[in-house]
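Enquirer: Supplied structure: upload-v4.txt, compact mmCIF, C-alpha atoms.
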```txt
# COMPACT_ATOMS: atom_id res chain seq x y z
CA MET A 1 -11.42 18.90 52.75
CA ASN A 2 -9.46 16.89 50.21
CA PHE A 3 -10.42 19.39 47.52
CA ARG A 4 -9.14 22.30 49.63
CA ARG A 5 -5.89 20.48 50.27
CA LEU A 6 -5.46 19.74 46.57
CA SER A 7 -6.23 23.33 45.65
CA ALA A 8 -3.72 24.62 48.19
CA TRP A 9 -1.09 22.19 46.84
CA VAL A 10 -1.68 23.37 43.25
CA ASP A 11 -1.52 27.04 44.27
CA GLY A 12 1.70 26.37 46.15
CA GLY A 13 3.16 24.61 43.12
CA TRP A 14 2.41 27.58 40.87
CA GLN A 15 3.99 29.92 43.39
CA ASP A 16 7.09 27.72 43.56
CA LEU A 17 7.32 27.65 39.75
CA ARG A 18 7.05 31.44 39.47
CA PHE A 19 9.65 31.88 42.21
CA ALA A 20 11.93 29.34 40.44
CA ILE A 21 11.75 31.34 37.19
CA ARG A 22 12.63 34.56 39.01
CA SER A 23 15.47 32.82 40.84
CA LEU A 24 16.92 31.40 37.63
CA ALA A 25 16.62 34.79 35.92
CA ARG A 26 18.82 36.31 38.65
CA THR A 27 21.68 33.93 37.72
CA PRO A 28 21.84 34.19 33.91
CA ALA A 29 25.29 32.58 33.56
CA PHE A 30 24.30 29.42 35.44
CA THR A 31 20.90 29.25 33.74
CA SER A 32 22.37 29.66 30.24
CA ILE A 33 24.96 26.92 30.75
CA ALA A 34 22.40 24.50 32.19
CA LEU A 35 19.91 25.21 29.38
CA VAL A 36 22.53 24.73 26.65
CA VAL A 37 23.73 21.41 28.12
CA ILE A 38 20.21 19.99 28.47
CA ALA A 39 18.97 21.39 25.13
CA VAL A 40 21.88 19.92 23.16
CA ALA A 41 21.47 16.51 24.80
CA ILE A 42 17.70 16.47 24.22
CA GLY A 43 18.10 17.70 20.64
CA VAL A 44 20.58 14.95 19.77
CA ASN A 45 18.35 12.29 21.36
CA THR A 46 15.28 13.64 19.56
CA ALA A 47 17.03 13.58 16.19
CA VAL A 48 18.36 10.05 16.63
CA PHE A 49 15.06 8.73 17.97
CA SER A 50 13.26 10.24 14.97
CA VAL A 51 15.52 8.21 12.69
CA VAL A 52 15.08 5.05 14.77
CA ASN A 53 11.32 5.53 14.84
CA ALA A 54 11.14 6.02 11.06
CA VAL A 55 13.39 3.05 10.25
CA LEU A 56 12.80 0.49 13.01
CA LEU A 57 9.55 1.22 14.82
CA ARG A 58 7.13 2.77 12.34
CA PRO A 59 5.29 0.13 10.28
CA LEU A 60 5.23 0.25 6.51
CA THR A 61 2.58 2.49 4.97
CA TYR A 62 0.86 -0.39 3.14
CA PRO A 63 -2.28 -2.12 4.44
CA ASP A 64 -1.56 -5.15 6.65
CA PRO A 65 2.23 -4.74 6.29
CA GLU A 66 2.94 -7.83 8.44
CA ALA A 67 1.73 -10.06 5.60
CA LEU A 68 4.14 -8.58 3.04
CA VAL A 69 7.31 -10.54 2.31
CA ARG A 70 10.22 -10.12 -0.04
CA LEU A 71 11.02 -13.19 -2.15
CA MET A 72 14.62 -13.95 -2.95
CA THR A 73 17.11 -16.66 -3.83
CA THR A 74 19.64 -17.90 -1.28
CA SER A 75 23.13 -19.20 -2.00
CA ASP A 76 26.43 -19.89 -0.26
CA ARG A 77 27.31 -16.24 -0.75
CA GLY A 78 24.14 -15.00 0.92
CA PRO A 79 20.68 -13.91 -0.25
CA ILE A 80 20.14 -12.60 -3.78
CA PRO A 81 17.36 -9.98 -3.60
CA VAL A 82 16.74 -9.75 -7.35
CA ALA A 83 14.89 -12.32 -9.44
CA SER A 84 14.55 -13.72 -12.95
CA ILE A 85 11.41 -14.38 -14.99
CA PRO A 86 11.45 -18.19 -14.35
CA GLU A 87 11.80 -17.57 -10.60
CA TYR A 88 8.95 -15.07 -10.62
CA ASN A 89 6.87 -17.54 -12.59
CA ILE A 90 7.32 -20.41 -10.12
CA TRP A 91 6.73 -18.11 -7.13
CA GLN A 92 3.52 -16.91 -8.73
CA GLN A 93 2.33 -20.53 -8.85
CA GLN A 94 2.55 -20.91 -5.04
CA SER A 95 -1.13 -20.06 -4.53
CA ALA A 96 -1.29 -22.24 -1.40
CA ILE A 97 0.73 -19.70 0.59
CA PHE A 98 0.51 -16.40 -1.31
CA GLN A 99 -2.50 -14.18 -2.00
CA GLN A 100 -0.65 -12.02 -4.52
CA VAL A 101 2.80 -12.00 -6.05
CA ALA A 102 4.14 -9.02 -7.97
CA ALA A 103 7.37 -7.94 -9.62
CA TYR A 104 8.68 -4.39 -9.80
CA ASP A 105 11.85 -2.39 -10.30
CA TRP A 106 12.93 1.02 -9.07
CA GLY A 107 13.06 2.89 -12.35
CA GLY A 108 15.98 3.64 -14.62
CA ALA A 109 17.56 6.85 -15.83
CA GLY A 110 14.16 8.48 -16.27
CA MET A 111 11.62 8.98 -19.03
CA ASN A 112 10.90 12.17 -20.95
CA LEU A 113 7.33 13.36 -20.70
CA THR A 114 6.73 15.72 -23.61
CA GLY A 115 3.75 17.69 -24.81
CA GLY A 116 2.29 20.77 -23.20
CA ASP A 117 4.34 23.85 -22.39
CA HIS A 118 7.57 22.15 -21.40
CA PRO A 119 9.09 18.65 -21.36
CA GLU A 120 9.72 16.96 -18.02
CA GLN A 121 11.81 14.01 -16.96
CA VAL A 122 9.78 11.56 -14.88
CA ILE A 123 10.54 8.34 -13.03
CA GLY A 124 8.80 5.34 -14.57
CA VAL A 125 8.65 2.09 -12.61
CA HIS A 126 7.99 -1.26 -14.28
CA VAL A 127 5.46 -3.44 -12.45
CA THR A 128 3.33 -6.49 -13.05
CA ARG A 129 -0.44 -6.36 -12.94
CA GLY A 130 -0.76 -7.49 -9.31
CA TYR A 131 1.53 -4.78 -7.94
CA PHE A 132 -1.21 -2.34 -6.98
CA ALA A 133 -3.39 -4.96 -5.27
CA LEU A 134 -0.37 -6.35 -3.44
CA PHE A 135 0.56 -3.00 -1.89
CA GLY A 136 -3.02 -1.81 -1.41
CA ALA A 137 -2.84 1.17 -3.77
CA THR A 138 -6.14 3.01 -4.17
CA VAL A 139 -7.26 4.24 -7.59
CA VAL A 140 -8.80 7.73 -7.66
CA ALA A 141 -9.49 7.75 -11.39
CA GLY A 142 -9.61 5.08 -14.08
CA ARG A 143 -8.11 1.65 -13.43
CA THR A 144 -4.87 -0.28 -13.27
CA PHE A 145 -3.54 -2.71 -15.88
CA THR A 146 -5.65 -5.47 -17.41
CA ALA A 147 -4.41 -9.01 -17.95
CA ALA A 148 -4.03 -8.34 -21.68
CA GLU A 149 -1.94 -5.22 -21.04
CA ASP A 150 0.33 -7.24 -18.75
CA ARG A 151 1.22 -9.71 -21.51
CA PRO A 152 3.93 -9.26 -24.17
CA ASN A 153 3.00 -6.69 -26.82
CA GLY A 154 0.21 -5.42 -24.56
CA GLY A 155 0.70 -1.87 -25.78
CA HIS A 156 1.96 1.32 -24.20
CA VAL A 157 -0.12 1.84 -21.07
CA ALA A 158 0.69 3.91 -17.99
CA VAL A 159 -0.78 4.58 -14.57
CA LEU A 160 -0.02 8.03 -13.15
CA SER A 161 0.93 8.92 -9.62
CA TYR A 162 -1.22 11.44 -7.77
CA GLY A 163 1.63 13.94 -7.66
CA LEU A 164 2.27 13.86 -11.40
CA TRP A 165 -1.46 13.99 -12.12
CA LYS A 166 -1.89 17.13 -10.04
CA ARG A 167 1.37 18.79 -11.03
CA ARG A 168 1.34 18.16 -14.75
CA PHE A 169 -2.34 17.74 -15.59
CA GLY A 170 -4.00 19.85 -12.89
CA GLY A 171 -6.01 16.91 -11.54
CA ASN A 172 -8.05 16.69 -14.75
CA ARG A 173 -9.96 13.38 -14.75
CA GLU A 174 -10.33 13.54 -18.50
CA ILE A 175 -6.68 12.58 -18.83
CA VAL A 176 -7.77 9.00 -18.13
CA GLY A 177 -8.33 7.27 -21.47
CA SER A 178 -6.31 9.82 -23.40
CA THR A 179 -2.69 9.56 -24.53
CA ILE A 180 0.45 11.31 -23.34
CA GLN A 181 3.80 11.54 -25.07
CA VAL A 182 6.56 9.62 -23.28
CA ASP A 183 9.96 9.33 -24.98
CA GLY A 184 8.35 10.47 -28.21
CA GLN A 185 5.70 7.74 -28.23
CA PRO A 186 1.98 7.84 -27.31
CA TRP A 187 1.05 6.10 -24.05
CA LEU A 188 -2.52 5.46 -22.94
CA VAL A 189 -3.30 6.70 -19.42
CA ALA A 190 -5.23 3.90 -17.72
CA GLY A 191 -5.68 5.46 -14.30
CA VAL A 192 -4.39 7.53 -11.39
CA ILE A 193 -3.22 6.23 -8.01
CA GLY A 194 -4.27 8.00 -4.81
CA ARG A 195 -2.03 10.36 -2.84
CA ASP A 196 -1.77 7.98 0.15
CA PHE A 197 0.23 5.43 -1.84
CA VAL A 198 3.85 6.17 -0.95
CA THR A 199 6.80 4.00 -1.98
CA ASP A 200 10.37 4.09 -0.71
CA THR A 201 11.58 5.32 -4.09
CA PRO A 202 9.16 7.95 -5.48
CA ALA A 203 7.53 7.11 -8.81
CA ASP A 204 5.78 9.42 -11.25
CA LEU A 205 4.16 6.70 -13.33
CA TRP A 206 4.00 2.93 -13.58
CA ILE A 207 4.23 0.86 -16.76
CA PRO A 208 3.73 -2.89 -17.21
CA PHE A 209 6.66 -5.29 -17.44
CA GLN A 210 4.77 -7.41 -20.00
CA PHE A 211 6.76 -10.53 -19.13
CA ASP A 212 6.83 -13.57 -21.37
CA LEU A 213 6.30 -16.19 -18.68
CA THR A 214 7.55 -18.93 -21.00
CA SER A 215 10.96 -17.24 -21.15
CA GLN A 216 13.99 -19.28 -20.03
CA GLU A 217 16.07 -16.17 -19.43
CA LEU A 218 17.76 -16.49 -16.02
CA ALA A 219 19.08 -12.92 -15.74
CA ARG A 220 18.04 -11.39 -12.43
CA ASN A 221 17.11 -7.72 -12.74
CA PHE A 222 13.93 -6.96 -10.78
CA ASP A 223 12.38 -7.39 -7.32
CA VAL A 224 9.53 -9.65 -6.24
CA ALA A 225 7.22 -9.26 -3.24
CA ALA A 226 4.24 -11.28 -2.08
CA ARG A 227 1.39 -11.14 0.40
CA VAL A 228 1.17 -14.22 2.60
CA LYS A 229 -2.25 -15.69 3.32
CA PRO A 230 -3.51 -15.01 6.87
CA TRP A 231 -3.22 -18.59 8.12
CA VAL A 232 0.27 -19.23 6.71
CA THR A 233 3.23 -18.88 9.06
CA ALA A 234 6.74 -17.91 8.03
CA ALA A 235 7.94 -21.48 8.59
CA GLN A 236 5.19 -22.89 6.38
CA ALA A 237 5.92 -20.37 3.63
CA ASN A 238 9.61 -21.21 3.60
CA ALA A 239 8.84 -24.95 3.63
CA HIS A 240 6.72 -24.53 0.49
CA LEU A 241 9.45 -22.42 -1.08
CA ALA A 242 12.00 -25.15 -0.38
CA LEU A 243 9.88 -27.59 -2.40
CA ALA A 244 9.54 -24.98 -5.15
CA ALA A 245 13.33 -24.57 -5.20
CA ASP A 246 13.77 -28.32 -5.72
CA GLN A 247 11.31 -28.18 -8.60
CA PHE A 248 13.11 -25.18 -10.09
CA ARG A 249 16.48 -26.94 -9.83
CA ARG A 250 15.16 -30.03 -11.59
CA THR A 251 13.78 -27.87 -14.40
CA TYR A 252 16.69 -25.49 -14.96
CA GLY A 253 19.66 -27.39 -13.52
CA SER A 254 22.18 -26.66 -10.79
CA SER A 255 23.67 -23.79 -12.79
CA ALA A 256 20.46 -21.82 -12.26
CA LEU A 257 20.17 -22.75 -8.58
CA PRO A 258 23.11 -24.38 -6.76
CA PRO A 259 22.47 -27.52 -4.67
CA ARG A 260 22.86 -25.54 -1.45
CA GLY A 261 20.76 -22.68 -2.76
CA GLY A 262 17.05 -22.16 -2.35
CA PHE A 263 14.17 -19.71 -2.14
CA SER A 264 13.19 -17.71 0.94
CA ALA A 265 10.56 -15.23 2.09
CA VAL A 266 11.70 -12.39 4.34
CA SER A 267 9.43 -9.87 6.00
CA LEU A 268 9.38 -6.73 3.86
CA GLN A 269 9.83 -4.65 7.00
CA GLU A 270 12.93 -6.60 8.01
CA PHE A 271 14.28 -6.46 4.48
CA SER A 272 13.82 -2.69 4.38
CA ILE A 273 15.71 -2.35 7.65
CA GLY A 274 18.52 -4.60 6.43
CA ASN A 275 21.80 -4.21 8.30
CA THR A 276 20.89 -0.86 9.83
CA ARG A 277 19.21 -2.24 12.98
CA PHE A 278 22.33 -2.88 15.05
CA PRO A 279 24.11 0.42 14.22
CA LEU A 280 20.94 2.40 14.95
CA VAL A 281 20.36 0.64 18.28
CA VAL A 282 24.00 1.27 19.25
CA LEU A 283 23.67 4.92 18.22
CA LEU A 284 20.46 5.29 20.23
CA GLY A 285 22.15 3.80 23.29
CA ALA A 286 25.15 6.10 22.86
CA VAL A 287 23.08 9.28 22.68
CA GLY A 288 21.05 8.00 25.64
CA PHE A 289 24.27 7.94 27.65
CA VAL A 290 25.00 11.46 26.42
CA LEU A 291 21.67 12.57 27.88
CA LEU A 292 22.48 10.85 31.19
CA ILE A 293 25.89 12.55 31.30
CA ALA A 294 24.28 15.91 30.56
CA CYS A 295 21.75 15.39 33.35
CA ALA A 296 24.54 14.42 35.75
CA ASN A 297 26.50 17.56 34.84
CA VAL A 298 23.47 19.78 35.38
CA ALA A 299 22.78 18.00 38.68
CA ASN A 300 26.35 18.84 39.76
CA LEU A 301 25.77 22.47 38.79
CA LEU A 302 22.58 22.53 40.83
CA LEU A 303 24.38 21.03 43.85
CA ALA A 304 27.11 23.63 43.54
CA ARG A 305 24.46 26.33 43.34
CA ALA A 306 22.73 24.88 46.42
CA THR A 307 25.91 25.33 48.48
CA VAL A 308 25.90 29.02 47.60
CA ARG A 309 22.24 29.24 48.69
CA LYS A 310 22.79 27.77 52.15
CA ARG A 311 21.99 31.07 53.86
CA GLU A 312 18.81 31.50 51.80
CA LEU A 313 17.60 27.98 52.60
CA ALA A 314 18.45 28.42 56.28
CA THR A 315 16.47 31.67 56.37
CA ARG A 316 13.45 29.99 54.78
CA THR A 317 13.66 27.18 57.33
CA ALA A 318 13.83 29.66 60.17
CA LEU A 319 10.74 31.42 58.83
CA GLY A 320 8.77 28.16 59.00
CA ALA A 321 9.27 26.49 55.62
CA GLY A 322 9.15 22.71 55.96
CA ARG A 323 11.49 20.22 54.36
CA GLY A 324 8.80 19.28 51.83
CA GLN A 325 8.32 22.91 50.76
CA ILE A 326 12.05 23.39 50.20
CA ILE A 327 12.32 20.17 48.19
CA ARG A 328 9.30 21.23 46.14
CA GLN A 329 10.94 24.59 45.44
CA LEU A 330 14.16 22.92 44.23
CA LEU A 331 12.17 20.51 42.08
CA ALA A 332 10.29 23.44 40.56
CA GLU A 333 13.61 24.98 39.48
CA SER A 334 14.69 21.70 37.88
CA LEU A 335 11.31 21.45 36.15
CA ALA A 336 11.59 24.99 34.80
CA LEU A 337 15.05 24.25 33.38
CA SER A 338 13.82 21.03 31.74
CA LEU A 339 10.75 22.68 30.21
CA VAL A 340 12.67 25.57 28.68
CA ALA A 341 15.54 23.36 27.45
CA GLY A 342 13.16 20.77 26.02
CA CYS A 343 11.18 23.35 24.08
CA SER A 344 14.38 24.99 22.85
CA ALA A 345 15.67 21.65 21.56
CA TRP A 346 12.60 20.99 19.38
CA PRO A 347 12.70 22.07 15.69
CA SER A 348 11.37 25.56 15.14
CA ASP A 349 8.90 24.45 12.45
CA SER A 350 6.98 22.26 14.88
CA ALA A 351 4.11 23.43 17.02
CA GLU A 352 4.95 20.94 19.71
CA CYS A 353 7.81 20.68 22.16
CA VAL A 354 9.46 17.74 23.82
CA CYS A 355 9.68 18.28 27.52
CA PHE A 356 11.44 16.01 29.99
```
So that I can check it, write out the structure of this file as C-alpha cells.

Expert:
Amino acid sequence: MNFRRLSAWVDGGWQDLRFAIRSLARTPAFTSIALVVIAVAIGVNTAVFSVVNAVLLRPLTYPDPEALVRLMTTSDRGPIPVASIPEYNIWQQQSAIFQQVAAYDWGGAGMNLTGGDHPEQVIGVHVTRGYFALFGATVVAGRTFTAAEDRPNGGHVAVLSYGLWKRRFGGNREIVGSTIQVDGQPWLVAGVIGRDFVTDTPADLWIPFQFDLTSQELARNFDVAARVKPWVTAAQANAHLALAADQFRRTYGSSALPPRGGFSAVSLQEFSIGNTRFPLVVLLGAVGFVLLIACANVANLLLARATVRKRELATRTALGAGRGQIIRQLLAESLALSLVAGCSAWPSDSAECVCF
C-alpha cells in the first residue's frame, strides 16, 4: 500500500512538472525575466564562491598541509616574511620542533635554456636541499640534490619540473645524468619532479642555493618554511622560537633583531590567505544578499502571476483538485525555473550544473 501511494505521488509529481513547463512556455516574457534574474544571481554567487573555495576553504596541495608553517621575523613595524642566512641557520637548528626546514625564492627574471631547436626562457627557483622533502614532492626520475651539491661551490645542478621535462625533452628518462645548457653554461640534470607537485608560482626547474652557513650576511632576500613535528603545538613552536630569537640577538646584536622583535611561525595556509580573508567573506555575504533579493523579486513576479491565474486555480478547485495538489503544482513551476536558471548560470565548459 505504501509503495502504491509513493508511486502515485511520484507519477503526480512528474505530471505537475510537465504541466509547469508547458505553463511557463505559454508566458515567454515572464519566464525569460525570471530566468535571467535567477541565472545572473546564481552565476555571481557561483563565481565568488569558487574564489572563496580556492583561497579560503581548499587546503594546500602538499601532504599534511596543517603541519607546514612559514617562518618570519617580527618587529614593531609588523612581520618580515623574508629571511637572511643567519636566521635560516638558527631556524634549521630547532630540531626539537621542526622535522624539516627549507629556504626558497620565487625565481628572478628567468633563465635561458639553450640547445635543441630553439632557446626558451624558463623560471628557475633557488631552493635548499630539504625543500622537496618539506613539501612532499615526488621524484619520477633521478633524485634531488645531495648534501654536497647544497654546499658552496657544489656545482651546477638542476631538478626539472614535470612540465618542462615533457615539453622540452619529451619525457625522455635519459635526460637524467646528462647536461643541459642554461645561460650558456652546462648544468647537470639530477632528477625530475612529478606532475602532482604544484606551487603557487610555477617553476620550470629548481637549482640549489648553496648557502655558506657560516656567513654573517644579514640581508633578507628569500623565504623559509618548516614542517612542525606532530606533537608540537603552535604555542610550543613559538615559545622555542622566542628563545632562538634571544640567542640570535645575543650573537648578532640589536641591529640585526630589535629588542621588541622576534621570530614567529605562521600557518602556511594562513600566510597564503594573508589579508584577503575579510574582503572575500564580505564579498561572499554581499553576493548572498544579491541572491536573496533576486529570489524575492522572482517570488513577487510569481505572486503577481498567481493573481492573473485566479480563474484557472478556481476552476481546478471546482473540478476536485485539493489544496495540496495546487501547492504542489506551484512548487513544480518554481522548481522548473530554478533548474533551468541554475543550469544556465553554470560555465558552458562544465558537464555539471548548479541547481537550487

Enquirer: In Å, how far is it from atom CA of A:Ser267 to atom CA of A:Arg70?

Expert: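 Interatomic distance here is 6.1 Å.
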
Enquirer: With all atoms listed in the file as the atoms that count, which of A:Ala265, A:Val340, A:Ala47, A:Val287 lies nearest to A:Ala242?

Expert: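 Closest candidate: A:Ala265.
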
Enquirer: Rank nothing, just name the residue among A:Asn53, A:Gln100, A:Ser32, A:Ser254 nearest to A:Ile273, using all atoms listed in the file.

Expert: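 Ranked by minimum distance to A:Ile273, first place goes to A:Asn53.
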
Enquirer: Need the neighbours of (4.9, 12.9, -14.3): which residues are at most 8 Å away, counting only C-alpha atoms, as a list in words?

Expert: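 Result, sorted by chain then residue number: Leu113, Glu120, Gln121, Val122, Ile123, Leu160, Ser161, Gly163, Leu164, Trp165, Arg167, Arg168, Asp204 and Leu205 of chain A.
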
Enquirer: Kindly save the residues from that selection, with C-alpha atoms included, as a PDB file, keeping the file's coordinate frame.

Expert:
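And here's result.pdb as it stands now:
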```pdb
ATOM      1  CA  LEU A 113       7.330  13.360 -20.700  1.00  0.00           C
ATOM      2  CA  GLU A 120       9.720  16.960 -18.020  1.00  0.00           C
ATOM      3  CA  GLN A 121      11.810  14.010 -16.960  1.00  0.00           C
ATOM      4  CA  VAL A 122       9.780  11.560 -14.880  1.00  0.00           C
ATOM      5  CA  ILE A 123      10.540   8.340 -13.030  1.00  0.00           C
ATOM      6  CA  LEU A 160      -0.020   8.030 -13.150  1.00  0.00           C
ATOM      7  CA  SER A 161       0.930   8.920  -9.620  1.00  0.00           C
ATOM      8  CA  GLY A 163       1.630  13.940  -7.660  1.00  0.00           C
ATOM      9  CA  LEU A 164       2.270  13.860 -11.400  1.00  0.00           C
ATOM     10  CA  TRP A 165      -1.460  13.990 -12.120  1.00  0.00           C
ATOM     11  CA  ARG A 167       1.370  18.790 -11.030  1.00  0.00           C
ATOM     12  CA  ARG A 168       1.340  18.160 -14.750  1.00  0.00           C
ATOM     13  CA  ASP A 204       5.780   9.420 -11.250  1.00  0.00           C
ATOM     14  CA  LEU A 205       4.160   6.700 -13.330  1.00  0.00           C
TER      15      LEU A 205
END
```

Enquirer: When you count only C-alpha atoms, which of these residues is closest to A:Val157: A:Gln236, A:Tyr131, A:Ala96, A:Gln181?

Expert: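 Once distances to A:Val157 are computed over only C-alpha atoms, the minimum belongs to A:Gln181.
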
Enquirer: Could you tell me how far atom CA of A:Val176 lies from atom CA of A:Val189, in Å and to one decimal?

Expert: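 Answer for the atom CA of A:Val176 to atom CA of A:Val189 separation: 5.2 Å.
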
Enquirer: What's the separation between atom CA of A:Glu149 and atom CA of A:Ile97, in Å to one decimal place?

Expert: 26.2 Å

Enquirer: Which residue gives the smallest distance to A:Pro81 among A:Leu17, A:Val224, A:Ala245, A:Ala148, with only C-alpha atoms counted?

Expert: A:Val224

Enquirer: Name all residues at most 7 Å from stretch 294-311 of chain A (count only C-alpha atoms; drop same-chain ones fewer than 6 positions away) and give them as JSON, numbers by chain.

Expert: {"A": [34, 37, 38, 41]}

Enquirer: Using the selection just defined, write its residues with C-alpha atoms as a short mmCIF file (atom, residue, chain, number, x, y, z; two decimals), in the frame of the given file.

Expert:
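Okay, this is what ended up in part_21.cif:
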```cif
data_model
loop_
_atom_site.label_atom_id
_atom_site.label_comp_id
_atom_site.auth_asym_id
_atom_site.auth_seq_id
_atom_site.Cartn_x
_atom_site.Cartn_y
_atom_site.Cartn_z
CA ALA A 34 22.40 24.50 32.19
CA VAL A 37 23.73 21.41 28.12
CA ILE A 38 20.21 19.99 28.47
CA ALA A 41 21.47 16.51 24.80
#
```

Enquirer: Restricting the calculation to only C-alpha atoms: of A:Ser84, A:Thr74, A:Gln210, A:Gln15, which residue gets closest to A:Asn238?

Expert: A:Thr74

Enquirer: For A:Ser75, which residue out of A:Phe132, A:Trp14, A:Phe263, A:Phe169 is the nearest one, using all atoms listed in the file?

Expert: A:Phe263

Enquirer: If we count only C-alpha atoms and set the cut-off at 10 Å, which residues sit around A:Val101, ignoring sequence neighbours fewer than 5 positions away in its own chain? Please answer as a list in words.

Expert: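 Here the qualifying residues turn out to be Leu68, Val69, Arg70, Leu71, Tyr88, Asn89, Trp91, Gln92, Gln93, Gln94, Ser95, Thr128, Arg129, Gly130, Tyr131, Ala133, Leu134, Val224, Ala225, Ala226, Arg227 and Val228 of chain A.
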
Enquirer: Quick one: residues within 12 Å of A:Glu66, all atoms listed in the file counted, chain neighbours fewer than 6 positions away excluded, as a ChimeraX atom specification?

Expert: /A:59-60,135,226-230,232-234,266-270
